[in-house]
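Undergrad: Sharing work11.tsv, TSV, C-alpha atoms:
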chain	number	residue	atom	x	y	z
R	1150	MET	CA	54.28	46.11	-49.93
R	1151	ASP	CA	55.95	48.22	-47.31
R	1152	ASP	CA	57.22	47.79	-43.78
R	1153	ILE	CA	54.95	50.16	-41.84
R	1154	LEU	CA	51.72	51.86	-42.95
R	1155	THR	CA	51.44	55.30	-41.37
R	1156	THR	CA	49.13	57.73	-43.17
R	1157	GLY	CA	48.72	55.57	-46.27
R	1158	THR	CA	50.07	58.31	-48.53
R	1159	THR	CA	52.81	56.14	-50.03
R	1160	ALA	CA	50.42	53.22	-50.57
R	1161	LYS	CA	47.91	55.53	-52.23
R	1162	ALA	CA	50.57	57.00	-54.53
R	1163	ILE	CA	51.63	53.50	-55.61
R	1164	ALA	CA	48.04	52.30	-56.02
R	1165	GLU	CA	47.28	55.28	-58.27
R	1166	CYS	CA	50.35	54.50	-60.37
R	1167	LEU	CA	49.35	50.84	-60.75
R	1168	ARG	CA	45.69	51.62	-61.45
R	1169	GLU	CA	46.66	53.94	-64.27
R	1170	LYS	CA	48.26	51.06	-66.17
R	1171	PHE	CA	46.12	48.20	-64.86
R	1172	PRO	CA	42.69	49.63	-64.07
R	1173	THR	CA	40.98	46.27	-63.56
R	1174	CYS	CA	43.78	44.46	-61.76
R	1175	PRO	CA	43.09	43.82	-58.04
R	1176	ILE	CA	45.54	45.61	-55.76
R	1177	LYS	CA	46.31	44.39	-52.27
R	1178	LEU	CA	48.58	45.98	-49.74
R	1179	PHE	CA	50.86	44.06	-47.36
R	1180	THR	CA	52.74	45.71	-44.53
R	1181	LEU	CA	54.40	44.29	-41.46
R	1182	ALA	CA	52.68	46.81	-39.24
R	1183	TYR	CA	50.08	49.53	-39.09
R	1184	VAL	CA	50.55	52.64	-37.00
R	1185	SER	CA	48.08	53.02	-34.21
R	1186	LEU	CA	48.06	55.81	-31.68
R	1187	GLU	CA	45.96	53.76	-29.30
R	1188	SER	CA	47.83	53.16	-26.11
R	1189	PHE	CA	46.67	49.63	-25.35
R	1190	ILE	CA	48.13	47.86	-28.34
R	1191	ASN	CA	51.03	45.48	-27.97
R	1192	LEU	CA	50.82	45.82	-24.22
R	1193	ASN	CA	50.37	42.09	-23.73
R	1194	ILE	CA	54.08	41.87	-24.38
R	1195	GLN	CA	55.84	42.28	-21.11
R	1196	LEU	CA	58.74	44.69	-21.08
R	1197	ASN	CA	61.87	43.19	-19.66
R	1198	SER	CA	62.63	46.37	-17.78
R	1199	ILE	CA	61.51	49.91	-18.24
R	1200	THR	CA	63.61	53.01	-18.19
R	1201	TYR	CA	62.99	56.37	-19.74
R	1202	GLU	CA	65.17	58.39	-22.03
R	1203	TRP	CA	64.88	61.98	-23.19
R	1204	SER	CA	64.75	62.53	-26.94
R	1205	HIS	CA	64.91	66.01	-28.45
R	1206	HIS	CA	62.56	64.82	-31.17
R	1207	THR	CA	59.94	62.99	-29.15
R	1208	GLY	CA	60.37	64.02	-25.50
R	1209	TRP	CA	60.41	61.33	-22.83
R	1210	GLN	CA	60.13	57.86	-24.25
R	1211	VAL	CA	60.14	54.34	-22.94
R	1212	GLN	CA	63.37	52.50	-23.47
R	1213	GLU	CA	63.88	48.82	-23.18
R	1214	ASP	CA	66.84	46.54	-22.67
R	1215	ASP	CA	68.41	45.73	-25.99
R	1216	ALA	CA	68.67	42.10	-24.98
R	1217	TYR	CA	64.91	41.67	-24.59
R	1218	TYR	CA	64.96	38.96	-27.19
R	1219	ILE	CA	68.09	36.95	-27.51
R	1220	SER	CA	67.26	34.61	-30.34
R	1221	LEU	CA	65.31	34.35	-33.55
R	1222	LYS	CA	63.03	31.84	-31.86
R	1223	SER	CA	62.13	34.16	-28.99
R	1224	LEU	CA	61.41	37.09	-31.29
R	1225	ARG	CA	59.30	34.90	-33.57
R	1226	LEU	CA	57.35	33.74	-30.53
R	1227	GLN	CA	56.63	37.33	-29.58
R	1228	ILE	CA	55.37	38.15	-33.06
R	1229	GLU	CA	53.26	34.99	-33.16
R	1230	ASN	CA	51.82	35.62	-29.70
R	1231	ASN	CA	50.79	39.07	-30.83
R	1232	PHE	CA	48.55	37.44	-33.46
R	1233	SER	CA	46.33	35.86	-30.88
R	1234	SER	CA	45.93	39.04	-28.83
M	1403	MET	CA	49.00	32.77	-38.15
M	1404	THR	CA	46.30	34.87	-39.78
M	1405	LEU	CA	46.98	38.28	-41.21
M	1406	ARG	CA	45.01	41.21	-39.83
M	1407	HIS	CA	42.88	42.90	-42.45
M	1408	GLN	CA	41.27	46.26	-43.03
M	1409	LEU	CA	39.74	47.96	-46.03
M	1410	LEU	CA	41.42	51.21	-47.05
M	1411	MET	CA	39.63	53.75	-49.22
M	1412	PHE	CA	41.86	55.63	-51.64
M	1413	ASP	CA	39.42	58.18	-53.05
M	1414	ASP	CA	36.73	55.90	-54.48
M	1415	GLN	CA	38.97	52.84	-54.74
M	1416	ALA	CA	38.98	50.16	-52.05
M	1417	VAL	CA	42.25	48.40	-51.29
M	1418	ASP	CA	42.58	45.40	-49.00
M	1419	HIS	CA	45.33	45.96	-46.45
M	1420	PHE	CA	46.90	42.99	-44.69
M	1421	TYR	CA	49.34	43.38	-41.83
M	1422	LEU	CA	50.92	41.47	-38.99
M	1423	CYS	CA	50.65	43.81	-36.02
M	1424	HIS	CA	50.27	47.35	-34.83
M	1425	TYR	CA	53.15	49.76	-34.52
M	1426	ARG	CA	53.54	52.37	-31.82
M	1427	LYS	CA	55.63	55.41	-32.52
M	1428	LEU	CA	58.53	56.13	-30.22
M	1429	SER	CA	56.68	59.21	-28.99
M	1430	ALA	CA	53.90	56.92	-27.78
M	1431	GLY	CA	56.35	54.71	-25.91
M	1432	ALA	CA	57.47	52.06	-28.33
M	1433	ASP	CA	56.94	48.45	-27.27
M	1434	ALA	CA	59.22	45.51	-28.00
M	1435	LEU	CA	57.67	44.69	-31.37
M	1436	SER	CA	57.74	48.29	-32.54
M	1437	LYS	CA	61.39	48.57	-31.60
M	1438	SER	CA	62.07	45.34	-33.45
M	1439	LEU	CA	60.37	46.80	-36.53
M	1440	LEU	CA	62.76	49.74	-36.42
M	1441	ARG	CA	65.61	47.24	-36.30
M	1442	PHE	CA	64.11	45.45	-39.28
M	1443	LYS	CA	64.19	48.75	-41.17
M	1444	SER	CA	67.83	49.18	-40.15
M	1445	GLY	CA	68.68	45.69	-41.37
M	1446	TRP	CA	69.46	43.91	-38.12
M	1447	PRO	CA	69.76	40.24	-39.25
M	1448	LEU	CA	67.81	38.66	-36.40
M	1449	ASP	CA	64.89	41.06	-36.79
M	1450	VAL	CA	64.90	40.77	-40.58
M	1451	SER	CA	64.80	36.97	-40.29
M	1452	ALA	CA	62.00	36.96	-37.71
M	1453	TRP	CA	59.68	39.38	-39.49
M	1454	THR	CA	60.38	37.85	-42.88
M	1455	SER	CA	59.67	34.30	-41.76
M	1456	CYS	CA	56.53	35.32	-39.85
M	1457	GLY	CA	55.31	37.32	-42.84
M	1458	ALA	CA	55.88	34.41	-45.21
M	1459	GLU	CA	54.16	31.98	-42.86
M	1460	ALA	CA	51.15	34.27	-42.53
M	1461	MET	CA	51.05	34.76	-46.29
M	1462	ARG	CA	50.88	30.99	-46.83
M	1463	SER	CA	47.70	30.89	-44.74
M	1464	THR	CA	45.91	33.33	-47.05
M	1465	ASP	CA	44.22	32.80	-50.40
M	1466	TRP	CA	46.28	35.32	-52.32
M	1467	PRO	CA	46.35	34.46	-56.03
M	1468	VAL	CA	49.43	32.44	-56.90
M	1469	ASN	CA	50.26	34.73	-59.81
M	1470	THR	CA	50.56	37.81	-57.59
M	1471	LEU	CA	53.22	40.30	-58.57
M	1472	PHE	CA	54.82	41.92	-55.53
M	1473	VAL	CA	56.20	45.44	-55.75
M	1474	ARG	CA	57.59	47.50	-52.92
M	1475	ALA	CA	57.61	51.12	-51.84
M	1476	LEU	CA	60.82	53.08	-52.28
M	1477	ASN	CA	62.22	55.11	-49.41
M	1478	SER	CA	63.06	58.79	-49.63
M	1479	THR	CA	66.70	58.17	-50.55
M	1480	GLU	CA	65.82	55.79	-53.39
M	1481	TYR	CA	65.30	56.93	-56.94
M	1482	ARG	CA	65.57	53.41	-58.26
M	1483	THR	CA	65.29	50.29	-56.12
M	1484	GLN	CA	68.42	49.38	-54.21
M	1485	LEU	CA	68.63	45.62	-54.06
M	1486	ASP	CA	69.05	43.47	-50.95
M	1487	THR	CA	67.41	45.84	-48.50
M	1488	PRO	CA	65.27	44.30	-45.73
M	1489	LEU	CA	62.17	45.04	-47.82
M	1490	ASP	CA	63.67	43.16	-50.75
M	1491	ILE	CA	64.29	40.13	-48.55
M	1492	LEU	CA	60.71	40.36	-47.30
M	1493	GLY	CA	59.32	40.75	-50.81
M	1494	LYS	CA	61.19	37.75	-52.14
M	1495	ASN	CA	60.08	35.58	-49.23
M	1496	LEU	CA	56.44	36.67	-49.46
M	1497	ALA	CA	56.41	35.93	-53.18
M	1498	ASP	CA	58.09	32.56	-52.69
M	1499	ALA	CA	55.53	31.66	-50.01
M	1500	ILE	CA	52.64	31.78	-52.51
M	1501	HIS	CA	54.61	31.01	-55.68
M	1502	GLY	CA	54.26	34.58	-56.83
M	1503	THR	CA	56.85	36.92	-58.30
M	1504	TYR	CA	58.76	39.71	-56.61
M	1505	GLU	CA	59.81	42.40	-59.04
M	1506	PRO	CA	61.97	44.96	-57.20
M	1507	SER	CA	62.47	47.24	-60.16
M	1508	ALA	CA	58.83	47.40	-61.28
M	1509	LEU	CA	58.41	50.76	-59.58
M	1510	ARG	CA	60.67	53.77	-59.80
M	1511	LYS	CA	60.44	57.41	-58.83
M	1512	THR	CA	60.53	60.41	-61.10
M	1513	ARG	CA	62.37	62.41	-58.45
M	1514	LEU	CA	63.85	62.02	-54.99
M	1515	THR	CA	61.43	62.80	-52.19
M	1516	ARG	CA	61.77	64.42	-48.80
M	1517	GLU	CA	61.95	62.14	-45.76
M	1518	LEU	CA	58.31	61.59	-44.88
M	1519	LYS	CA	58.78	60.89	-41.19
M	1520	TYR	CA	58.32	64.44	-39.99
M	1521	LEU	CA	55.83	65.58	-42.62
M	1522	SER	CA	52.09	66.02	-42.12
M	1523	LYS	CA	49.67	64.02	-44.24
M	1524	SER	CA	49.08	66.94	-46.61
M	1525	GLU	CA	52.84	67.53	-46.94
M	1526	ARG	CA	53.37	63.83	-47.64
M	1527	LYS	CA	50.66	63.92	-50.29
M	1528	LEU	CA	52.36	66.86	-51.97
M	1529	ALA	CA	55.80	65.22	-51.75
M	1530	LEU	CA	54.55	62.00	-53.37
M	1531	HIS	CA	52.29	63.57	-56.00
M	1532	GLU	CA	52.88	61.66	-59.26
M	1533	VAL	CA	56.30	60.55	-58.05
M	1534	TYR	CA	55.90	56.84	-58.78
M	1535	GLU	CA	55.98	55.40	-62.27
M	1536	LEU	CA	55.79	51.87	-63.54
M	1537	ASN	CA	58.72	50.30	-65.34
M	1538	GLU	CA	56.57	48.73	-68.02
M	1539	ALA	CA	59.39	46.77	-69.63
M	1540	VAL	CA	60.01	44.93	-66.37
M	1541	VAL	CA	56.33	44.26	-65.70
M	1542	LYS	CA	55.70	42.96	-69.23
M	1543	GLU	CA	58.53	40.46	-68.89
M	1544	SER	CA	57.41	39.30	-65.46
M	1545	PRO	CA	55.92	35.77	-65.38
M	1546	ALA	CA	53.15	37.03	-63.08
Before anything else, please render the file you have as structure tokens.
TA:
Amino acid sequence: MDDILTTGTTAKAIAECLREKFPTCPIKLFTLAYVSLESFINLNIQLNSITYEWSHHTGWQVQEDDAYYISLKSLRLQIENNFSS
Amino acid sequence: MTLRHQLLMFDDQAVDHFYLCHYRKLSAGADALSKSLLRFKSGWPLDVSAWTSCGAEAMRSTDWPVNTLFVRALNSTEYRTQLDTPLDILGKNLADAIHGTYEPSALRKTRLTRELKYLSKSERKLALHEVYELNEAVVKESPA
């Protein structure tokens, strides 16, 4: 398990390590998220307000109010709503 | 909640990948969930709680074998697993959700690795080549 799957290199390295010792054991991977470069994902979630900030690493990027979610319940709702999108 | 699923091919081996949502990099204009994931990684309590509880709830809706042993990836600064990181909290909750076992020290690295964030896929592959090893003593003692 990992938090975010990007290129899959880490997952592959771990799978190879596990397969070496347990060649017949099923391996499943769980991550909270999977990187997608597609622009339409997660857009059903309305931004509270949009501003832009310059980053030397990434250039202009969208910034959002820190107080977009104010409680555990509201953040959970956002994650759950994303399931049905 | 139902986990999203895709089949990953690692050389000739297929691995089922389950995940909750997509993540957009900051350079693509991070959305609210992606920003919350970064906070999860940084250990913000509210974000850790939300993602952990959603992950556990989604896990309960799957048919993962009850004797699953959960292991986690180590970050670039970890040589051995540091306990009580957000990933450890997630791992314990996922395992509890299906009556499995979370074994944080089952995996270890043979060397420290470079931070992968700014590396290309080929550079990442080189950095992680044969870096993971299994702590067999821990796995043998695990109930799973």
Undergrad: Find the residues around Leu1221 (chain R) up to 8 Å (all atoms listed in the file counted), leave out those fewer than 6 positions away in its own chain, and share them as a PyMOL selection string.
TA: chain M and resi 1448-1449+1451-1452
Undergrad: Select all residues near (53.0, 63.2, -47.0) (cut-off 10 Å, inclusive, file coordinates), counting only C-alpha atoms, and output them as a PyMOL selection string.
TA: (chain R and resi 1155-1159) or (chain M and resi 1515-1531)
Undergrad: So, counting all atoms listed in the file, which residue among R:Asn1230, R:Leu1167, R:Lys1177, R:Tyr1183 is closest to Ala1508 (chain M)?
TA: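 Counting all atoms listed in the file, the residue closest to Ala1508 (chain M) is R:Leu1167.
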Undergrad: With all atoms listed in the file as the atoms that count, which of R:Glu1229, R:Asp1151, R:Cys1166, R:Phe1179 lies nearest to Asp1490 (chain M)?
TA: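 Counting all atoms listed in the file, the residue closest to Asp1490 (chain M) is R:Asp1151.
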Undergrad: Just need the residues of chain M within 8 Å of chain R, counting all atoms listed in the file, so spit them out as a ChimeraX atom specification.
TA: /M:1403-1405,1412,1417-1435,1439,1443,1448-1449,1451-1453,1456-1457,1472-1475,1489,1493,1523,1526-1527,1530-1536
Undergrad: Give the answer as one residue: which of M:Ala1458, M:Lys1542, M:Pro1506, M:Phe1442 has the shortest atom-to-atom distance to Leu1485 (chain M), using only C-alpha atoms?
TA: M:Pro1506
Undergrad: Just to confirm, what's the straight-line distance from CA of Arg1513 (chain M) to CA of Tyr1481 (chain M) in Å (one decimal)?
TA: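 About the pair CA of Arg1513 (chain M) and CA of Tyr1481 (chain M): they are 6.4 Å apart.
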Undergrad: With the cut-off set at 7 Å and counting only C-alpha atoms, tabulate each residue of region 1433-1485 of chain M with an atom at most that distance from an atom of region 1497-1502 of chain M, showing the nearest atom pair and its distance in Å to one decimal, ordered by chain and increasing number, as a Markdown table.
TA:
| residue | atom | partner | partner_atom | distance |
| --- | --- | --- | --- | --- |
| M:Ala1458 | CA | M:Ala1499 | CA | 5.5 |
| M:Met1461 | CA | M:Ala1499 | CA | 6.6 |
| M:Arg1462 | CA | M:Ala1499 | CA | 5.7 |
| M:Val1468 | CA | M:Gly1502 | CA | 5.3 |
| M:Asn1469 | CA | M:Gly1502 | CA | 5.0 |
| M:Thr1470 | CA | M:Gly1502 | CA | 5.0 |
| M:Leu1471 | CA | M:Gly1502 | CA | 6.1 |
| M:Phe1472 | CA | M:Ala1497 | CA | 6.6 |
Undergrad: Store the residues picked out above, limited to C-alpha atoms, as a compact mmCIF listing (two decimals), in the frame of the given file.
TA:
# COMPACT_ATOMS: atom_id res chain seq x y z
CA ALA M 1458 55.88 34.41 -45.21
CA MET M 1461 51.05 34.76 -46.29
CA ARG M 1462 50.88 30.99 -46.83
CA VAL M 1468 49.43 32.44 -56.90
CA ASN M 1469 50.26 34.73 -59.81
CA THR M 1470 50.56 37.81 -57.59
CA LEU M 1471 53.22 40.30 -58.57
CA PHE M 1472 54.82 41.92 -55.53
Undergrad: Have a look at CA of Ser1444 (chain M) and CA of Gln1408 (chain M) and let me know their distance in Å, one decimal.
TA: 26.9 Å
Undergrad: If you count only C-alpha atoms, which residues fall within 10 Å of Ile1491 (chain M), apart from same-chain ones fewer than 5 positions away, as JSON, numbers by chain?
TA: {"M": [1450, 1451, 1454, 1485, 1486, 1496, 1504]}
Undergrad: Kindly indicate which residue among M:Arg1510, M:Leu1492, M:Glu1538, M:Pro1447 lies nearest to Ser1478 (chain M), using all atoms listed in the file for the distances.
TA: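 Nearest candidate to Ser1478 (chain M) out of M:Arg1510, M:Leu1492, M:Glu1538, M:Pro1447: M:Arg1510.
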Undergrad: In Å, rounded to a single decimal, give me how far CA of Trp1446 (chain M) is from CA of Pro1488 (chain M).
TA: 8.7 Å
Undergrad: For His1407 (chain M), which of M:Leu1514, M:Ala1460, M:Leu1509, M:Ala1539 is the closest residue, counting all atoms listed in the file?
TA: M:Ala1460
Undergrad: Just checking: using all atoms listed in the file, which residue out of M:Arg1482, M:Lys1437, M:Lys1494, M:Arg1406 ends up closest to Ser1455 (chain M)?
TA: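 Of M:Arg1482, M:Lys1437, M:Lys1494, M:Arg1406, the one nearest Ser1455 (chain M), counting all atoms listed in the file, is M:Lys1494.
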